[in-house]
Amino acid sequence: VVVGERRVALITGAARGIGAATAATFAQRGDHVVLSDLDRRVESVEYATSSVDDLAATVASLAADGLSVESAPADVRDHPRLADIVSDVVGRHARLDYLVANAGIASFGTTTWAIDERTWQDMIDVTLTGTWNTCRAAIPSMIEAGNGGSIVLVSSTAALKSLPTIGHYSAAKAGLVGLMRSLALELAPHWIRVNTVHPGGTATPMTENERSESWQASVPGLNETLTLPMPIKRMEPSAIADTIAFLCSDAARYVTGTTAVVDAGALLR
Ligand SMILES: NC(=O)c1ccc[n+]([C@@H]2O[C@H](COP(=O)([O-])OP(=O)(O)OC[C@H]3O[C@@H](n4cnc5c(N)ncnc54)[C@H](O)[C@@H]3O)[C@@H](O)[C@H]2O)c1
C-alpha cells in the first residue's frame with residue numbers, strides 16, 4: 001500500500017463493534033488504518049470473539065469502498081507479534097500517528113470474590129496487560145517517527161461506577177486509567193497525547209449476545225443501573241468512534257490525560 005503523507009493508525013479489536021466503527025471513521029477521513037484482531041481463542045469467554053476470517057471480511061469491505069486499510073492479526077497477549085506488526089507498518093509507512101487499544105472481552109460471574117482464577121487472569125491478561133503490550137509495542141516507533149500522535153485506551157463506565165458481579169472487568173478497566181495517566185505525562189514532551197474513552201452500553205456482539213443478556217437480566221438492580229437515561233437501549237458503535245476520532249485529531253491537540261465519557265448519561269445513575 002502506498003500511503004504518502006496520510007496519517008497512519010493501528011486499532012486493536014478492529015474486526016467488529018467499536019473497533020471496526022473506529023477503523024471506518026478514520027479511513028473515511030483519509031487515514032491509513034491497520035486493523036488488528038484475535039488469531040486464537042480466549043479460553044474463558046462465553047460468547048464468540050472474532051476470527052481471522054471476520055477480520056479479513058471487515059478489511060475487505062472497507063477496501064471495497066476504496067479506503068486505505070490493511071489487516072494484521074494478533075492476540076494482544078502476544079507482545080512479540082504486536083512489535084513485529086508495528087515494525088512492519090513503520091518500515092513501510094515511516095510513521096504511526098494514532099494507536100487505539102480497543103481489544104477487550106467480557107465475562108460474567110455471580111460475585112466478584114467467587115470468579116474463577118482462569119476468568120480473572122484472562123481478563124487481566126487481555127484488558128490490562130494486553131493494552132500495556134499494545135502501547136509498549138507502538139510507543140518507541142511513535143517517538144522515533146517524531147510526528148507526535150495520540151493514543152486512546154478504550155475503558156468503560158465500569159471503571160468509574162460500581163457494577164455488581166464484574167469486579168474483574170471494572171478492576172482491569174480502572175487499571176487503564178492509571179496506565180493512561182502515567183503514559184500521558186511521560187509522552188507529553190513528545191507531543192503524544194494519551195486519553196481513555198469510557199463507553200456506556202453500546203450495541204456490539206459483546207453486549208448483544210444471549211450470555212450477556214441473561215447476565216444483565218439475572219443480577220438484581222443491574223438492568224436499572226445500566227439503563228441509559230437518554231432514550232436509547234444501547235448506543236451505536238459509531239458514536240464511540242466519533243469521540244475516539246476527535247481525540248485522534250488536531251482539534252484535540254492539547255487534550256491529554258483525560259477520561260472521556262460517552263455514555264448517554266449512564267454515570268448519572
Ligand atoms: N459494548 C459495550 O457496551 C462496551 C461498553 C464499555 C466498554 N466497551 C469496550 O469497548 C471495547 C470494544 O468492545 P465491543 O463492544 O466492540 O465488543 P466486541 O466483542 O464486538 O469487540 C471486541 C473485539 O476485541 C477482540 N479481542 C478480544 N480479545 C482479544 C485479544 N486478546 N487480542 C486481540 N483482540 C481481541 C474481539 O475478537 C472483538 O473483535 C472493549 O474493550 C470493551 O470492553 C464496550
# chains A, B, ... in the order shown; residues from 1 in each chain; ligands from 1
call {"tool": "residues_around", "arguments": {"residues": "Leu222 in chain A", "least_positions_apart": "4", "cutoff": "10 Å", "atoms": "only C-alpha atoms", "output": "PyMOL selection string"}}
result
chain A and resi 163-165+215-218+226-227
call {"tool": "write_last_selection", "arguments": {"atoms": "N, CA, C and O atoms", "output": "PDB file, in the first residue's frame"}}
result
ATOM      1  N   LEU A 163     -20.537  -1.668  39.548  1.00  0.00           N
ATOM      2  CA  LEU A 163     -21.427  -2.624  38.894  1.00  0.00           C
ATOM      3  C   LEU A 163     -21.222  -3.978  39.571  1.00  0.00           C
ATOM      4  O   LEU A 163     -20.088  -4.445  39.684  1.00  0.00           O
ATOM      5  N   PRO A 164     -22.287  -4.610  40.032  1.00  0.00           N
ATOM      6  CA  PRO A 164     -22.128  -5.879  40.736  1.00  0.00           C
ATOM      7  C   PRO A 164     -21.677  -7.003  39.816  1.00  0.00           C
ATOM      8  O   PRO A 164     -22.001  -6.996  38.624  1.00  0.00           O
ATOM      9  N   THR A 165     -20.961  -7.947  40.344  1.00  0.00           N
ATOM     10  CA  THR A 165     -20.548  -9.243  39.765  1.00  0.00           C
ATOM     11  C   THR A 165     -19.390  -9.182  38.770  1.00  0.00           C
ATOM     12  O   THR A 165     -18.866 -10.216  38.393  1.00  0.00           O
ATOM     13  N   TRP A 215     -27.163 -12.492  31.773  1.00  0.00           N
ATOM     14  CA  TRP A 215     -26.455 -11.930  32.938  1.00  0.00           C
ATOM     15  C   TRP A 215     -27.140 -10.641  33.390  1.00  0.00           C
ATOM     16  O   TRP A 215     -27.455 -10.468  34.564  1.00  0.00           O
ATOM     17  N   GLN A 216     -27.397  -9.751  32.436  1.00  0.00           N
ATOM     18  CA  GLN A 216     -27.990  -8.453  32.772  1.00  0.00           C
ATOM     19  C   GLN A 216     -29.365  -8.625  33.418  1.00  0.00           C
ATOM     20  O   GLN A 216     -29.730  -7.884  34.337  1.00  0.00           O
ATOM     21  N   ALA A 217     -30.104  -9.626  32.946  1.00  0.00           N
ATOM     22  CA  ALA A 217     -31.450  -9.850  33.479  1.00  0.00           C
ATOM     23  C   ALA A 217     -31.410 -10.540  34.852  1.00  0.00           C
ATOM     24  O   ALA A 217     -32.331 -10.389  35.654  1.00  0.00           O
ATOM     25  N   SER A 218     -30.309 -11.288  35.142  1.00  0.00           N
ATOM     26  CA  SER A 218     -30.304 -12.128  36.343  1.00  0.00           C
ATOM     27  C   SER A 218     -29.767 -11.435  37.593  1.00  0.00           C
ATOM     28  O   SER A 218     -30.005 -11.886  38.709  1.00  0.00           O
ATOM     29  N   LEU A 226     -27.885  -0.033  34.400  1.00  0.00           N
ATOM     30  CA  LEU A 226     -27.336   0.007  33.045  1.00  0.00           C
ATOM     31  C   LEU A 226     -28.261   0.731  32.051  1.00  0.00           C
ATOM     32  O   LEU A 226     -27.837   1.079  30.956  1.00  0.00           O
ATOM     33  N   THR A 227     -29.506   0.940  32.453  1.00  0.00           N
ATOM     34  CA  THR A 227     -30.435   1.612  31.540  1.00  0.00           C
ATOM     35  C   THR A 227     -29.972   3.049  31.300  1.00  0.00           C
ATOM     36  O   THR A 227     -29.691   3.795  32.237  1.00  0.00           O
TER      37      THR A 227
END
call {"tool": "residues_near_ligand", "arguments": {"ligand": "ligand 1", "cutoff": "8 Å", "atoms": "only C-alpha atoms and all ligand atoms", "output": "ChimeraX atom specification"}}
result
/A:12-20,36-39,41-42,48-51,55,73-77,101-106,125-127,130,154-158,173,198-207,234-235,237
call {"tool": "residues_around", "arguments": {"residues": "Ala83 in chain A", "least_positions_apart": "4", "cutoff": "7 Å", "atoms": "only C-alpha atoms", "output": "compact mmCIF listing (two decimals) with all heavy atoms, in the first residue's frame"}}
result
# COMPACT_ATOMS: atom_id res chain seq x y z
N HIS A 79 2.96 -9.96 22.89
CA HIS A 79 3.72 -8.74 22.63
C HIS A 79 4.69 -8.84 21.45
O HIS A 79 4.77 -7.91 20.64
CB HIS A 79 4.47 -8.27 23.90
CG HIS A 79 5.36 -7.11 23.64
ND1 HIS A 79 6.74 -7.24 23.53
CD2 HIS A 79 5.09 -5.81 23.40
CE1 HIS A 79 7.25 -6.07 23.24
NE2 HIS A 79 6.27 -5.18 23.17
N SER A 87 6.73 -2.82 13.64
CA SER A 87 7.96 -2.56 12.87
C SER A 87 7.70 -2.73 11.38
O SER A 87 8.24 -1.97 10.56
CB SER A 87 9.15 -3.38 13.40
OG SER A 87 9.17 -4.64 12.83
N ALA A 137 4.50 -1.84 22.45
CA ALA A 137 4.92 -2.23 21.09
C ALA A 137 5.00 -1.00 20.19
O ALA A 137 5.85 -0.93 19.30
CB ALA A 137 3.94 -3.24 20.51
call {"tool": "select_by_dssp", "arguments": {"residues": "range 59-218 of chain A", "states": "helix (DSSP H, G or I)", "output": "number ranges by chain"}}
result
A: 59-64, 79-93, 112-114, 117-145, 157-159, 167-190, 210-218
call {"tool": "atom_distance", "arguments": {"atom1": "CA of Ile85 in chain A", "atom2": "CA of Ile244 in chain A"}}
result
21.8 Å
call {"tool": "closest_residue", "arguments": {"among": "A:Ala260, A:Gly66, A:Leu267, A:Ala159", "to": "Ala24 in chain A", "atoms": "only C-alpha atoms"}}
result
A:Gly66
call {"tool": "closest_residue", "arguments": {"among": "A:Arg211, A:Lys161, A:Arg81, A:Arg253", "to": "Trp191 in chain A", "atoms": "only C-alpha atoms"}}
result
A:Arg253
call {"tool": "residues_around", "arguments": {"residues": "Cys135 in chain A", "least_positions_apart": "3", "cutoff": "8 Å", "atoms": "only C-alpha atoms", "output": "PyMOL selection string"}}
result
chain A and resi 99+101+131-132+138-139
call {"tool": "residues_around", "arguments": {"residues": "range 43-45 of chain A", "least_positions_apart": "3", "cutoff": "7 Å", "atoms": "only C-alpha atoms", "output": "PyMOL selection string"}}
result
chain A and resi 106-107+118-119+122
call {"tool": "write_last_selection", "arguments": {"atoms": "C-alpha atoms", "output": "PDB file, in the first residue's frame"}}
result
ATOM      1  CA  ALA A 106     -16.480  -9.585  28.802  1.00  0.00           C
ATOM      2  CA  SER A 107     -17.058 -12.414  31.251  1.00  0.00           C
ATOM      3  CA  ARG A 118      -8.922 -18.523  34.778  1.00  0.00           C
ATOM      4  CA  THR A 119     -11.625 -15.895  34.204  1.00  0.00           C
ATOM      5  CA  ASP A 122      -7.816 -13.856  31.173  1.00  0.00           C
TER       6      ASP A 122
END
call {"tool": "atom_distance", "arguments": {"atom1": "CA of Ala114 in chain A", "atom2": "CA of Arg269 in chain A"}}
result
26.2 Å
call {"tool": "decode", "arguments": {"residues": "range 164-188 of chain A", "atoms": "N, CA, C and O atoms", "output": "compact mmCIF listing (two decimals), in the first residue's frame"}}
result
# COMPACT_ATOMS: atom_id res chain seq x y z
N PRO A 164 -22.29 -4.61 40.03
CA PRO A 164 -22.13 -5.88 40.74
C PRO A 164 -21.68 -7.00 39.82
O PRO A 164 -22.00 -7.00 38.62
N THR A 165 -20.96 -7.95 40.34
CA THR A 165 -20.55 -9.24 39.76
C THR A 165 -19.39 -9.18 38.77
O THR A 165 -18.87 -10.22 38.39
N ILE A 166 -18.98 -8.00 38.34
CA ILE A 166 -17.91 -7.95 37.34
C ILE A 166 -16.72 -7.12 37.82
O ILE A 166 -16.14 -6.33 37.07
N GLY A 167 -16.34 -7.34 39.08
CA GLY A 167 -15.19 -6.62 39.65
C GLY A 167 -13.91 -6.84 38.87
O GLY A 167 -13.05 -5.95 38.84
N HIS A 168 -13.77 -8.00 38.23
CA HIS A 168 -12.56 -8.26 37.43
C HIS A 168 -12.51 -7.31 36.23
O HIS A 168 -11.45 -6.77 35.90
N TYR A 169 -13.66 -7.11 35.58
CA TYR A 169 -13.74 -6.20 34.43
C TYR A 169 -13.53 -4.75 34.89
O TYR A 169 -12.74 -4.01 34.30
N SER A 170 -14.21 -4.36 35.98
CA SER A 170 -14.07 -2.99 36.50
C SER A 170 -12.62 -2.71 36.91
O SER A 170 -12.10 -1.63 36.64
N ALA A 171 -11.99 -3.70 37.57
CA ALA A 171 -10.61 -3.51 38.03
C ALA A 171 -9.67 -3.34 36.84
O ALA A 171 -8.80 -2.47 36.83
N ALA A 172 -9.85 -4.17 35.81
CA ALA A 172 -8.98 -4.08 34.63
C ALA A 172 -9.20 -2.75 33.90
O ALA A 172 -8.24 -2.08 33.49
N LYS A 173 -10.46 -2.34 33.78
CA LYS A 173 -10.77 -1.09 33.06
C LYS A 173 -10.32 0.14 33.87
O LYS A 173 -9.90 1.15 33.31
N ALA A 174 -10.42 0.06 35.21
CA ALA A 174 -9.91 1.15 36.05
C ALA A 174 -8.39 1.20 35.98
O ALA A 174 -7.79 2.29 36.00
N GLY A 175 -7.76 0.03 35.86
CA GLY A 175 -6.31 -0.02 35.70
C GLY A 175 -5.86 0.76 34.47
O GLY A 175 -4.77 1.36 34.48
N LEU A 176 -6.68 0.77 33.44
CA LEU A 176 -6.32 1.51 32.23
C LEU A 176 -6.22 3.02 32.49
O LEU A 176 -5.45 3.72 31.83
N VAL A 177 -6.99 3.50 33.45
CA VAL A 177 -6.93 4.94 33.76
C VAL A 177 -5.57 5.29 34.37
O VAL A 177 -4.94 6.28 34.01
N GLY A 178 -5.10 4.44 35.28
CA GLY A 178 -3.78 4.66 35.87
C GLY A 178 -2.68 4.56 34.83
O GLY A 178 -1.75 5.38 34.80
N LEU A 179 -2.78 3.57 33.97
CA LEU A 179 -1.81 3.40 32.89
C LEU A 179 -1.80 4.64 31.99
O LEU A 179 -0.74 5.17 31.65
N MET A 180 -2.99 5.08 31.63
CA MET A 180 -3.12 6.27 30.76
C MET A 180 -2.46 7.49 31.39
O MET A 180 -1.75 8.25 30.73
N ARG A 181 -2.70 7.69 32.70
CA ARG A 181 -2.18 8.92 33.34
C ARG A 181 -0.65 8.92 33.34
O ARG A 181 -0.03 9.97 33.08
N SER A 182 -0.04 7.77 33.63
CA SER A 182 1.43 7.72 33.60
C SER A 182 1.94 7.96 32.19
O SER A 182 2.87 8.75 31.98
N LEU A 183 1.35 7.29 31.22
CA LEU A 183 1.81 7.44 29.83
C LEU A 183 1.61 8.88 29.34
O LEU A 183 2.47 9.42 28.63
N ALA A 184 0.50 9.49 29.72
CA ALA A 184 0.22 10.85 29.24
C ALA A 184 1.31 11.81 29.71
O ALA A 184 1.78 12.67 28.95
N LEU A 185 1.74 11.63 30.97
CA LEU A 185 2.79 12.50 31.50
C LEU A 185 4.13 12.20 30.82
O LEU A 185 4.86 13.12 30.42
N GLU A 186 4.43 10.92 30.68
CA GLU A 186 5.72 10.54 30.09
C GLU A 186 5.83 10.94 28.62
O GLU A 186 6.93 11.23 28.13
N LEU A 187 4.71 10.95 27.91
CA LEU A 187 4.76 11.18 26.46
C LEU A 187 4.47 12.62 26.06
O LEU A 187 4.65 12.99 24.89
N ALA A 188 4.04 13.44 27.02
CA ALA A 188 3.74 14.84 26.70
C ALA A 188 4.91 15.56 26.02
O ALA A 188 4.70 16.29 25.05
